[in-house]
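> Starting off with a structure, shown below.
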2 protein chains.
Amino acid sequence: MQQGSGRRSNRDRTEATRADLIRAARKLFTEKSYAETGTPEIVAEAGVTRGALYHHFADKQALFAAVVEQEAASVAAEIDHASPPSLSARDALIAGSDAYLAAMRAPGRTRLLLLDGPAVLGRAAMDEIDNRYGNRSLREGLVAAMRAQAMTRLPAEALTALLAAAFDRAALAIEAGASAADYRAVLIALMDGLSPAPPRSTRPAPSR
Amino acid sequence: MQQGSGRRSNRDRTEATRADLIRAARKLFTEKSYAETGTPEIVAEAGVTRGALYHHFADKQALFAAVVEQEAASVAAEIDHASPPSLSARDALIAGSDAYLAAMRAPGRTRLLLLDGPAVLGRAAMDEIDNRYGNRSLREGLVAAMRAQAMTRLPAEALTALLAAAFDRAALAIEAGASAADYRAVLIALMDGLSPAPPRSTRPAPSR
DNA sequence: CATCCAACATACAGTCTGTATGTAAGCTCA
DNA sequence: TGAGCTTACATACAGACTGTATGTTGGATG
């Protein structure tokens, strides 16, 4: 049958238009902020009209939520992709941290996910998204470490949330120009501090 | 000498109007969000016109910055007020944490300082404010603990920022209905974890 | 193939922000 | 003390944006 610029099925049209809108919005939301990006600019970038936007999304905020959702998924995918699954609990956590900090270096990602996201959607909604994507592997890693007696037992929910918050702040600071090595060292020290015994697996050299 | 409703000096007028605007804006910014609060509503609450607002503040964002500044000062004052200065390093940090979490229970404060603040003013500006108020005592406490050998030596800037981020997230979670005890336990565990010698029970404090 | 409905485009109403302009009251200094 | 300047506002205006209501076209369906 026909493809490309010719006739397309309704489902294809919807999918393509939604993808175009999300892509355009992502571009602008990462270049500028949510507040500084208007819907006229988004639809111009996407090559559609505002009618299409408001047909597919309830409002600007819903489009933003879709962008955040997709971006969180991308971050989670990059982390999963970068971490070999056969490491000690501690090394897996460190590898995950590094992968997260690396993923958050994508331009505009910290503002989108860590500043505008919580402000626009609320922290509860962001928690929900985080738990569905990124935080899941983190919490699993922590629980595994606790199960393996390599970590004192603590409320998993709270521990996950607070460590995730520290990771987030580290990503923000590093993007702002702070020393990545400093923040990495503190993050590792925070995690190591939770082990009842000093990290006996590998204690080779100071990371300086 | 002039009295109340009669003639007032220009300086008094400015001061009073600015205070009225900040008070009205604080009320609305804590009840609703920054984005949901319009300047017409603010000036109505303050009993002035938008002309007065834009005479005293460059824009809505500048008024918001003034509100954040004042609120951060209030939080710092509440913490200072609540913490007796003669405690061990560890106990002082715990007392400070509790005071911070208590102060952040004021309605709308978490959204103002932890969500809207970073999104509207940027994390760099919020860091600047935090360092001027709340974080200062936290960092001093941490540095003191490190100096007293009660804590492994780490980059003070990064350590302060990451612990502050954990405190912030804890305040958010507690307001969202999470268990304050859980988050408190994890925060204390994170800080204790940084001490080379595990504080088995409450250690006798040598310094007064 | 007639009908229905989804996928848009266009037009409109209401609100907001920031600025420009006008005015009355304080302040300064001869 | 009063003429002139400046501050502290109020009013009016321009531009932009968001969300909705309405119109139109083309795919799906019996």
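Ordering of the structure tokens sets the chain letters (A, B, ...); residue numbers start at 1 within each chain; ligands are numbered from 1 in the order shown.
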Could you build a table of the residues in chain B lying no more than 7 Å from chain D, giving for each the nearest pair of atoms and their separation in Å rounded to one decimal place, using only C-alpha atoms (C1' of nucleotides), ordered by chain and ascending residue number, as a tab-separated table?

```
residue	atom	partner	partner_atom	distance
B:Thr49	CA	D:DA10	C1'	6.8
B:Gly51	CA	D:DA10	C1'	6.3
B:Ala52	CA	D:DC9	C1'	5.5
```
> Please produce a file of those selected residues containing C-alpha atoms, as an mmCIF file, in the first residue's frame.

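Result went into again-v5.cif, see below:
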```cif
data_model
loop_
_atom_site.group_PDB
_atom_site.id
_atom_site.type_symbol
_atom_site.label_atom_id
_atom_site.label_comp_id
_atom_site.auth_asym_id
_atom_site.auth_seq_id
_atom_site.Cartn_x
_atom_site.Cartn_y
_atom_site.Cartn_z
ATOM 1 C CA THR B 49 -1.749 47.796 42.854
ATOM 2 C CA GLY B 51 2.258 49.417 39.904
ATOM 3 C CA ALA B 52 3.581 49.234 43.423
#
```
> What residues in chain C lie within 8 Å of chain B, counting only C-alpha atoms (C1' of nucleotides), written as a PyMOL selection string?
chain C and resi 16+18+26
> For the selection just defined, write its residues with C-alpha atoms (C1' of nucleotides) to a file, as a PDB file, in the first residue's frame.

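So result00.pdb came out as:
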```pdb
ATOM      1  C1'  DC C  16      -1.295  37.103  32.727  1.00  0.00           C
ATOM      2  C1'  DG C  18       5.873  43.668  31.870  1.00  0.00           C
ATOM      3  C1'  DG C  26       7.860  63.714  49.946  1.00  0.00           C
TER       4       DG C  26
END
```
> Output as a tab-separated table one row per residue of chain B within 10 Å of chain A: the closest atom pair and its distance in Å to one decimal place, counting only C-alpha atoms, sorted by chain and residue number ascending.

```
residue	atom	partner	partner_atom	distance
B:Ser33	CA	A:Ala119	CA	8.7
B:Tyr34	CA	A:Ala119	CA	9.3
B:Ala35	CA	A:Ala35	CA	8.6
B:Arg111	CA	A:Ala119	CA	7.8
B:Leu112	CA	A:Ala119	CA	9.5
B:Leu114	CA	A:Ala119	CA	8.6
B:Leu115	CA	A:Ala119	CA	4.9
B:Asp116	CA	A:Ala119	CA	5.5
B:Gly117	CA	A:Ala119	CA	8.7
B:Pro118	CA	A:Leu115	CA	6.2
B:Ala119	CA	A:Leu115	CA	4.9
B:Val120	CA	A:Asp116	CA	8.5
B:Gly122	CA	A:Leu115	CA	7.9
B:Arg123	CA	A:Leu172	CA	7.6
B:Ala124	CA	A:Ala176	CA	7.4
B:Asp127	CA	A:Ala173	CA	9.6
B:Thr152	CA	A:Ala189	CA	8.9
B:Arg153	CA	A:Val186	CA	9.8
B:Leu154	CA	A:Val186	CA	6.7
B:Pro155	CA	A:Asp182	CA	6.1
B:Ala156	CA	A:Asp182	CA	9.1
B:Glu157	CA	A:Asp182	CA	8.6
B:Ala158	CA	A:Tyr183	CA	5.5
B:Leu159	CA	A:Val186	CA	5.9
B:Thr160	CA	A:Val186	CA	9.6
B:Ala161	CA	A:Arg169	CA	7.3
B:Leu162	CA	A:Ala166	CA	4.9
B:Leu163	CA	A:Ala166	CA	7.0
B:Ala164	CA	A:Ala166	CA	8.4
B:Ala165	CA	A:Ala166	CA	5.6
B:Ala166	CA	A:Leu162	CA	4.9
B:Phe167	CA	A:Leu162	CA	7.8
B:Asp168	CA	A:Ala165	CA	8.2
B:Arg169	CA	A:Ala165	CA	6.1
B:Ala170	CA	A:Leu162	CA	6.8
B:Leu172	CA	A:Arg123	CA	7.6
B:Ala173	CA	A:Ala158	CA	8.4
B:Ile174	CA	A:Ala158	CA	10.0
B:Ala176	CA	A:Ala124	CA	7.4
B:Ala178	CA	A:Ala158	CA	8.4
B:Ser179	CA	A:Ala158	CA	8.5
B:Ala180	CA	A:Ala158	CA	9.4
B:Ala181	CA	A:Pro155	CA	9.7
B:Asp182	CA	A:Pro155	CA	6.1
B:Tyr183	CA	A:Ala158	CA	5.5
B:Arg184	CA	A:Ala158	CA	9.0
B:Ala185	CA	A:Leu154	CA	7.7
B:Val186	CA	A:Leu159	CA	5.9
B:Leu187	CA	A:Leu162	CA	7.9
B:Ala189	CA	A:Leu194	CA	6.9
B:Leu190	CA	A:Leu190	CA	6.2
B:Met191	CA	A:Leu190	CA	8.0
B:Asp192	CA	A:Gly193	CA	7.5
B:Gly193	CA	A:Gly193	CA	3.7
B:Leu194	CA	A:Gly193	CA	5.4
B:Ser195	CA	A:Gly193	CA	7.8
B:Pro196	CA	A:Gly193	CA	8.5
B:Pro198	CA	A:Pro196	CA	8.1
```
> Once chain B is fitted onto chain A over all Cα atoms in order, please give the RMSD.
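It comes to 3.3 Å after superposition.
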> In Å, with one decimal, what is the gap from atom CA of B:Arg147 to atom CA of B:Ile79?
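Spanning atom CA of B:Arg147 to atom CA of B:Ile79 is a straight-line distance of 22.7 Å.
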> Using only C-alpha atoms (C1' of nucleotides), which protein or nucleic acid residues come within 10 Å of A:Ser74? Drop anything in the same chain fewer than 6 positions from it, and give the result as a VMD selection string.
chain A and resid 68 80 103 133 to 134
> Save out the residues we just selected, C-alpha atoms, as a CSV table (one decimal), in the first residue's frame.

```
chain,number,residue,atom,x,y,z
A,68,VAL,CA,9.7,13.3,31.7
A,80,ASP,CA,21.0,-0.9,32.7
A,103,ALA,CA,23.6,9.7,32.1
A,133,TYR,CA,12.3,3.4,36.4
A,134,GLY,CA,15.6,4.4,38.0
```
> Between atom CA of A:Gln61 and atom CA of B:Val43, what is the distance, to one decimal in Å?
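Calculated distance between atom CA of A:Gln61 and atom CA of B:Val43 is 26.8 Å.
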> Counting only C-alpha atoms (C1' of nucleotides), figure out which residue out of A:Leu93, A:Val48, A:Ala62, A:Ala99 gets nearest to C:DA9.
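Smallest distance to C:DA9 is found for A:Val48.
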